[in-house]
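In what follows, a single structure is set out as structure tokens and then discussed.
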Amino acid sequence: MQNRNLEEQFTLFSIDTEFETPAEKTASDGVEWVSFRDLVPEIDDTGYLTHAIYAYPAKFIPQIVRYAINTYTKERDWIIDPFAGSGTVGVEAYLCKRNAVLLDLNLLLNHIMPLKVYRGKGRLHEADLHKLLEGMRASKHRFIPDWSNVDYWYAPEMLEVLSYYWGFIHQADDDVFSSIIKAALLKASKRFSNTEDRTPKLARSKRKLSAIAELLKENWRAQLDEMVDTLSLKTLRSLNDFVVYTQAHHNDRTPEIQWQGGVDSSYITVPRECDALITSPPYLQAQEYIRSTKMELFWLGHTEEEIRELSRLEIPYRKTDRIVQTQTLANVREMLTRDDLRKRLDSYFCHTVNALENAMKQLKPNAAACIFVGNPRIDGITVELWRILAEYFTERGWTFEKVYEDRIKTRKLFGARKNKNPDGMKSEFLLILRQP
Ligand SMILES: C[S@@+](CC[C@H](N)C(=O)[O-])C[C@H]1O[C@@H](n2cnc3c(N)ncnc32)[C@H](O)[C@@H]1O
């Protein structure tokens, strides 16, 4: 196919994440430029309400999710996200009075969601949080993660203090206050470790080792406590804002958000019929979500064996069980000279398509599938993911509706790190397919 047909069919919008002046956004060469600010003026901060409580690699931008929700769903609809990550779709669905099913291989989802879609009614009091934080500092319980080389990642003094703090949290009641402190401890446990905390992957660097050595000469314990206090307080305040917002908007009915972390979306039975799919599949390369979050998973109490098993299922680092065929994909395959990259490509498409197909077969007639992808380069070759997915699904009866282009100038990939052209990408695309 169909490349030409598709080309003729599709409407291409460009959406700029770093806003240009309206004059720069004028349409040219048939490309219509639209900025997120214009599309979703109600969101002026990507970390608003509960979005920033947890760091996660390659998070969805809430504006694009909100846009897809507003455009392709209606109130009370059920949305499915088979690659839910840190649950951006869940938060936006909740705020917009939609229900959602969130699935992800990463177990972090199960820890993240209770806070991100906090369902409490009353105001949380700072005094109660401070009391629990004091208890944590006087902890008599230790928790050492089930991680064979934990010593490699921590100075012994820091590991000792953190293990008491985590010991306290693991034996505390599983309530909102302990969850707030848990989220703060996750960030602090990374900051006070030997790994770079500005990049997602675990990596010891000279810079970080000397920063830790410097800290050890200073009042590092007071700094650690201050960090945990500040982050906890910030989370508590965002939860209070979240409650105020949702109580003002939800009237009589609270949306339902269901999540399952630790599941393989390629093969899981999707629990219910849905009205739309909104998702962003994993990157083709340069991103290992389980490995990037394994320090967090260990502290949360997951075992080495559990984490190894999940890594084995991660896209695209797993065995291929069928070869996805489309014209554009065939062209890329032909150009690739390296066998290992061809294998990676085949695995990526096999399992990404399996997972999408698995979720899409649970969509009702006329439902939209909104798939947000980049155009990564592999061995110097650009892989047009949206086009390959469009080709694959239109051959199976889906209708190609539209693709929006989001030109990336800088994008926040993780924490404070801004990356020009992550993964070699210049644009990202929101592909819209329609169930006939
Ligand atoms: C681009 S991220 C999604 C980020 C998410 N949109 C957010 O806003 O946080 C892709 C996700 O795919 C997940 N993933 C990778 N392999 C998977 C599999 N076999 N089944 C389910 N999820 C998988 C990763 O754990 C990662 O969270």
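Identifiers for the structure tokens are assigned positionally: chains receive A, B, ... in sequence, residues are indexed from 1 per chain, and ligands are indexed from 1 in the order shown.
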Check your understanding: Would you name the residues within 8 Å of ligand 1, counting only C-alpha atoms and all ligand atoms, and put them as number ranges by chain?
Key -> A: 56-62, 82-89, 103-106, 262-266, 279-283, 288-290, 313-316, 351-352, 355
Selection to disk with N, CA, C and O atoms, as a compact mmCIF listing (two decimals), in the first residue's frame:
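Now in result_33.txt:
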# COMPACT_ATOMS: atom_id res chain seq x y z
N TYR A 56 9.07 9.92 35.80
CA TYR A 56 9.01 8.70 34.99
C TYR A 56 9.61 9.01 33.63
O TYR A 56 9.37 10.09 33.08
N PRO A 57 10.41 8.10 33.07
CA PRO A 57 11.01 8.40 31.77
C PRO A 57 9.96 8.54 30.67
O PRO A 57 9.02 7.76 30.61
N ALA A 58 10.16 9.54 29.81
CA ALA A 58 9.32 9.75 28.62
C ALA A 58 7.83 9.77 28.93
O ALA A 58 7.03 9.10 28.29
N LYS A 59 7.49 10.58 29.92
CA LYS A 59 6.07 10.77 30.27
C LYS A 59 5.32 11.44 29.13
O LYS A 59 5.87 12.27 28.42
N PHE A 60 4.05 11.11 29.03
CA PHE A 60 3.15 11.81 28.13
C PHE A 60 3.03 13.28 28.55
O PHE A 60 3.07 13.59 29.73
N ILE A 61 2.83 14.16 27.61
CA ILE A 61 2.58 15.55 27.93
C ILE A 61 1.06 15.67 28.20
O ILE A 61 0.28 15.30 27.31
N PRO A 62 0.63 16.17 29.36
CA PRO A 62 -0.81 16.13 29.65
C PRO A 62 -1.67 16.86 28.62
O PRO A 62 -2.80 16.46 28.37
N PRO A 82 -2.81 0.84 27.13
CA PRO A 82 -2.05 -0.39 27.41
C PRO A 82 -0.58 -0.14 27.74
O PRO A 82 0.13 -1.08 28.10
N PHE A 83 -0.10 1.09 27.60
CA PHE A 83 1.29 1.43 27.98
C PHE A 83 1.22 2.62 28.94
O PHE A 83 1.67 3.72 28.64
N ALA A 84 0.63 2.40 30.10
CA ALA A 84 0.21 3.53 30.94
C ALA A 84 1.36 4.24 31.64
O ALA A 84 1.20 5.39 32.06
N GLY A 85 2.51 3.59 31.83
CA GLY A 85 3.68 4.23 32.46
C GLY A 85 3.36 4.80 33.81
O GLY A 85 3.04 4.08 34.76
N SER A 86 3.38 6.12 33.92
CA SER A 86 3.10 6.76 35.21
C SER A 86 1.66 7.26 35.28
O SER A 86 1.31 8.04 36.16
N GLY A 87 0.83 6.84 34.33
CA GLY A 87 -0.61 7.07 34.46
C GLY A 87 -1.14 8.43 34.07
O GLY A 87 -2.21 8.85 34.54
N THR A 88 -0.44 9.12 33.16
CA THR A 88 -0.91 10.45 32.74
C THR A 88 -2.35 10.37 32.18
O THR A 88 -3.18 11.24 32.47
N VAL A 89 -2.62 9.32 31.41
CA VAL A 89 -3.96 9.17 30.84
C VAL A 89 -4.99 9.00 31.96
O VAL A 89 -6.10 9.55 31.90
N LEU A 103 -2.87 -0.20 31.88
CA LEU A 103 -2.05 -1.42 31.97
C LEU A 103 -0.61 -1.04 31.71
O LEU A 103 -0.33 -0.18 30.89
N ASP A 104 0.32 -1.68 32.41
CA ASP A 104 1.73 -1.47 32.11
C ASP A 104 2.54 -2.60 32.71
O ASP A 104 2.17 -3.18 33.74
N LEU A 105 3.65 -2.89 32.04
CA LEU A 105 4.56 -3.91 32.54
C LEU A 105 5.20 -3.47 33.85
O LEU A 105 5.53 -4.29 34.71
N ASN A 106 5.37 -2.18 34.01
CA ASN A 106 6.09 -1.67 35.18
C ASN A 106 5.19 -1.67 36.41
O ASN A 106 4.10 -1.10 36.41
N GLY A 262 2.64 -4.39 36.16
CA GLY A 262 3.27 -5.72 36.21
C GLY A 262 2.63 -6.68 35.24
O GLY A 262 2.77 -7.89 35.40
N VAL A 263 1.89 -6.16 34.23
CA VAL A 263 1.26 -7.07 33.26
C VAL A 263 1.82 -6.82 31.86
O VAL A 263 2.25 -5.72 31.53
N ASP A 264 1.79 -7.87 31.07
CA ASP A 264 2.30 -7.81 29.70
C ASP A 264 1.12 -7.50 28.76
O ASP A 264 0.28 -8.36 28.52
N SER A 265 1.07 -6.28 28.25
CA SER A 265 -0.08 -5.87 27.44
C SER A 265 -0.19 -6.64 26.13
O SER A 265 -1.25 -6.64 25.50
N SER A 266 0.90 -7.28 25.71
CA SER A 266 0.83 -8.05 24.46
C SER A 266 -0.11 -9.23 24.59
O SER A 266 -0.68 -9.67 23.60
N THR A 279 -2.74 6.22 23.98
CA THR A 279 -1.53 5.60 24.51
C THR A 279 -0.28 6.12 23.84
O THR A 279 -0.35 6.71 22.76
N SER A 280 0.86 5.92 24.51
CA SER A 280 2.15 6.15 23.86
C SER A 280 3.03 4.92 24.09
O SER A 280 3.45 4.66 25.21
N PRO A 281 3.27 4.15 23.01
CA PRO A 281 4.07 2.94 23.13
C PRO A 281 5.52 3.26 23.52
O PRO A 281 5.95 4.41 23.40
N PRO A 282 6.28 2.22 23.94
CA PRO A 282 7.68 2.47 24.30
C PRO A 282 8.46 3.01 23.11
O PRO A 282 8.05 2.85 21.96
N TYR A 283 9.60 3.63 23.40
CA TYR A 283 10.49 4.05 22.32
C TYR A 283 11.09 2.83 21.65
O TYR A 283 11.22 1.79 22.28
N GLU A 288 14.92 1.86 28.55
CA GLU A 288 14.56 0.63 29.23
C GLU A 288 13.87 1.04 30.52
O GLU A 288 14.50 1.45 31.46
N TYR A 289 12.56 0.91 30.51
CA TYR A 289 11.78 1.45 31.63
C TYR A 289 12.02 0.67 32.92
O TYR A 289 12.11 1.25 33.99
N ILE A 290 12.09 -0.66 32.81
CA ILE A 290 12.25 -1.45 34.03
C ILE A 290 13.63 -1.18 34.63
O ILE A 290 13.76 -0.91 35.83
N LEU A 313 10.32 -9.30 29.60
CA LEU A 313 9.10 -9.08 28.78
C LEU A 313 9.05 -7.70 28.16
O LEU A 313 8.10 -7.34 27.46
N GLU A 314 10.05 -6.88 28.46
CA GLU A 314 9.97 -5.49 28.04
C GLU A 314 10.18 -5.34 26.53
O GLU A 314 11.10 -5.92 25.95
N ILE A 315 9.34 -4.51 25.92
CA ILE A 315 9.47 -4.17 24.50
C ILE A 315 10.61 -3.16 24.37
O ILE A 315 10.62 -2.19 25.13
N PRO A 316 11.55 -3.28 23.49
CA PRO A 316 11.71 -4.30 22.44
C PRO A 316 12.81 -5.32 22.76
O PRO A 316 13.46 -5.81 21.86
N HIS A 351 5.67 -6.89 19.28
CA HIS A 351 5.00 -6.78 20.58
C HIS A 351 4.23 -5.47 20.74
O HIS A 351 3.21 -5.44 21.43
N THR A 352 4.69 -4.41 20.08
CA THR A 352 3.93 -3.16 20.15
C THR A 352 2.59 -3.36 19.46
O THR A 352 1.53 -2.99 19.98
N ALA A 355 0.26 -5.64 21.44
CA ALA A 355 -0.37 -4.96 22.59
C ALA A 355 -1.46 -4.00 22.12
O ALA A 355 -2.55 -3.94 22.70
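Compared by their closest atoms to Leu109 (chain A), and using only C-alpha atoms, the residues A:Ile378, A:Val40, A:Leu297, A:Ala93 rank with A:Leu297 nearest.
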Exercise for review: Apply DSSP to the backbone of this structure and, from region 169-374 of chain A, keep only the residues in alpha helix (DSSP H); write these as a PyMOL selection string.
Suggested key: chain A and resi 169-171+176-191+206-217+220-250+289-292+294-299+304-313+327-335+339-360
Exercise for review: Please provide the set of residues having any atom within 10 Å of Asn194 (chain A), restricted to only C-alpha atoms, with same-chain residues fewer than 3 positions apart removed, written as a PyMOL selection string.
Suggested key: chain A and resi 151-155+189-191+197+202-213
Review point. So how many Å separate CA of Gly47 (chain A) and CA of Ile180 (chain A), to one decimal?
Key: 16.4 Å
Point to revise | Point-to-point distance in Å for CA of Trp166 (chain A) and CA of Phe298 (chain A) | key: 10.9 Å
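The space between CA of Thr399 (chain A) and CA of Thr320 (chain A) spans 27.0 Å.
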Practice item. Show which residues sit within 9 Å of Leu186 (chain A), as JSON, numbers by chain. Count only C-alpha atoms, and ignore same-chain residues fewer than 5 positions away. Key: {"A": [54, 181, 191, 295, 296, 299, 300]}
Exercise for review: Once DSSP has gone over the backbone, tell me which residues of region 52-245 of chain A are in strand (DSSP E or B), as a PyMOL selection string.
Suggested key: chain A and resi 78-81+99-104+195+204
Would you list the contacts of Gln285 (chain A) as a tab-separated table (two decimals) with C-alpha atoms, in the first residue's frame, taking every protein, DNA or RNA residue within 10 Å and counting only C-alpha atoms, but skipping same-chain residues closer than 4 positions in sequence?
chain	number	residue	atom	x	y	z
A	315	ILE	CA	9.47	-4.17	24.50
A	316	PRO	CA	11.71	-4.30	22.44
A	317	TYR	CA	14.11	-6.49	24.42
A	341	LEU	CA	19.09	-3.95	14.85
A	344	ARG	CA	15.29	-5.26	17.66
A	345	LEU	CA	13.02	-3.73	15.01
A	348	TYR	CA	9.52	-3.90	18.65
A	376	PRO	CA	13.17	7.42	15.86
A	377	ARG	CA	16.34	6.77	13.90
A	378	ILE	CA	17.93	3.38	13.90
A	423	ASP	CA	16.23	9.55	20.52
For region 370-374 of chain A, please output as a JSON list (two decimals) with all heavy atoms, in the first residue's frame all residues within 6 Å (counting only C-alpha atoms; exclusion window: fewer than 6 positions along the same chain).
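As written to disk, around_21.json reads:
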[["chain", "number", "residue", "atom", "x", "y", "z"],
["A", 277, "LEU", "N", -8.96, 4.43, 22.74],
["A", 277, "LEU", "CA", -7.62, 4.08, 23.21],
["A", 277, "LEU", "C", -6.77, 5.35, 23.11],
["A", 277, "LEU", "O", -6.82, 6.05, 22.10],
["A", 277, "LEU", "CB", -7.04, 2.97, 22.34],
["A", 277, "LEU", "CG", -5.56, 2.63, 22.52],
["A", 277, "LEU", "CD1", -5.33, 1.13, 22.50],
["A", 277, "LEU", "CD2", -4.68, 3.29, 21.47],
["A", 278, "ILE", "N", -6.06, 5.66, 24.19],
["A", 278, "ILE", "CA", -5.10, 6.77, 24.14],
["A", 278, "ILE", "C", -3.82, 6.24, 24.76],
["A", 278, "ILE", "O", -3.82, 5.84, 25.92],
["A", 278, "ILE", "CB", -5.60, 8.01, 24.91],
["A", 278, "ILE", "CG1", -6.95, 8.48, 24.36],
["A", 278, "ILE", "CG2", -4.56, 9.13, 24.86],
["A", 278, "ILE", "CD1", -7.57, 9.66, 25.09],
["A", 279, "THR", "N", -2.74, 6.22, 23.98],
["A", 279, "THR", "CA", -1.53, 5.60, 24.51],
["A", 279, "THR", "C", -0.28, 6.12, 23.84],
["A", 279, "THR", "O", -0.35, 6.71, 22.76],
["A", 279, "THR", "CB", -1.62, 4.07, 24.35],
["A", 279, "THR", "OG1", -0.67, 3.46, 25.24],
["A", 279, "THR", "CG2", -1.33, 3.58, 22.94],
["A", 280, "SER", "N", 0.86, 5.92, 24.51],
["A", 280, "SER", "CA", 2.15, 6.15, 23.86],
["A", 280, "SER", "C", 3.03, 4.92, 24.09],
["A", 280, "SER", "O", 3.45, 4.66, 25.21],
["A", 280, "SER", "CB", 2.83, 7.43, 24.38],
["A", 280, "SER", "OG", 3.14, 7.32, 25.73],
["A", 428, "GLU", "N", 7.06, 14.44, 17.07],
["A", 428, "GLU", "CA", 6.27, 13.30, 17.52],
["A", 428, "GLU", "C", 4.90, 13.42, 16.89],
["A", 428, "GLU", "O", 4.50, 14.51, 16.47],
["A", 428, "GLU", "CB", 6.19, 13.28, 19.05],
["A", 428, "GLU", "CG", 7.53, 12.87, 19.64],
["A", 428, "GLU", "CD", 7.53, 12.75, 21.15],
["A", 428, "GLU", "OE1", 6.90, 13.60, 21.80],
["A", 428, "GLU", "OE2", 8.15, 11.82, 21.66],
["A", 429, "PHE", "N", 4.21, 12.30, 16.80],
["A", 429, "PHE", "CA", 2.98, 12.26, 16.02],
["A", 429, "PHE", "C", 1.83, 11.65, 16.82],
["A", 429, "PHE", "O", 2.04, 10.65, 17.51],
["A", 429, "PHE", "CB", 3.20, 11.43, 14.75],
["A", 429, "PHE", "CG", 4.29, 11.98, 13.87],
["A", 429, "PHE", "CD1", 5.62, 11.64, 14.10],
["A", 429, "PHE", "CD2", 3.99, 12.89, 12.87],
["A", 429, "PHE", "CE1", 6.63, 12.17, 13.31],
["A", 429, "PHE", "CE2", 5.00, 13.42, 12.08],
["A", 429, "PHE", "CZ", 6.33, 13.07, 12.30],
["A", 430, "LEU", "N", 0.69, 12.25, 16.71],
["A", 430, "LEU", "CA", -0.51, 11.64, 17.30],
["A", 430, "LEU", "C", -1.33, 11.09, 16.14],
["A", 430, "LEU", "O", -1.93, 11.84, 15.35],
["A", 430, "LEU", "CB", -1.31, 12.69, 18.08],
["A", 430, "LEU", "CG", -2.57, 12.16, 18.76],
["A", 430, "LEU", "CD1", -2.24, 11.12, 19.83],
["A", 430, "LEU", "CD2", -3.36, 13.30, 19.39],
["A", 431, "LEU", "N", -1.31, 9.77, 16.03],
["A", 431, "LEU", "CA", -2.01, 9.09, 14.95],
["A", 431, "LEU", "C", -3.43, 8.76, 15.42],
["A", 431, "LEU", "O", -3.61, 8.22, 16.52],
["A", 431, "LEU", "CB", -1.26, 7.79, 14.62],
["A", 431, "LEU", "CG", -1.96, 6.77, 13.73],
["A", 431, "LEU", "CD1", -2.12, 7.31, 12.31],
["A", 431, "LEU", "CD2", -1.16, 5.46, 13.69],
["A", 432, "ILE", "N", -4.40, 9.07, 14.58],
["A", 432, "ILE", "CA", -5.79, 8.76, 14.93],
["A", 432, "ILE", "C", -6.35, 7.74, 13.94],
["A", 432, "ILE", "O", -6.42, 7.99, 12.74],
["A", 432, "ILE", "CB", -6.69, 10.03, 14.89],
["A", 432, "ILE", "CG1", -6.05, 11.20, 15.63],
["A", 432, "ILE", "CG2", -8.10, 9.71, 15.44],
["A", 432, "ILE", "CD1", -5.88, 11.07, 17.11]]
**Study point:** Contact residues around Glu304 (chain A) with only C-alpha atoms at 12 Å, ignoring same-chain residues under 2 positions, as number ranges by chain
**Key:** A: 145-150, 290-291, 294-295, 297-302, 306-311
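Ranking A:Val270, A:Cys96, A:Met136, A:Met113 by their shortest atom-to-atom distance to Thr73 (chain A), with only C-alpha atoms included, puts A:Cys96 first.
Using only C-alpha atoms, the smallest distance between any of A:Cys350, A:Ile64, A:Val117, A:Leu356 and Leu239 (chain A) comes from A:Val117.
Distances from A:Ile381, A:Ala330, A:Val244, A:Leu231 to Ala52 (chain A) were compared using only C-alpha atoms, and the smallest one belongs to A:Leu231.
If only C-alpha atoms are the atoms counted, then among A:Glu75, A:Asp175, A:Glu157, A:Glu256 the closest residue to Leu216 (chain A) is A:Glu157.
Here the question is which of A:Arg119, A:Lys131, A:Arg396, A:Arg66 gets nearest to Ile257 (chain A) using only C-alpha atoms, and that residue is A:Arg119.
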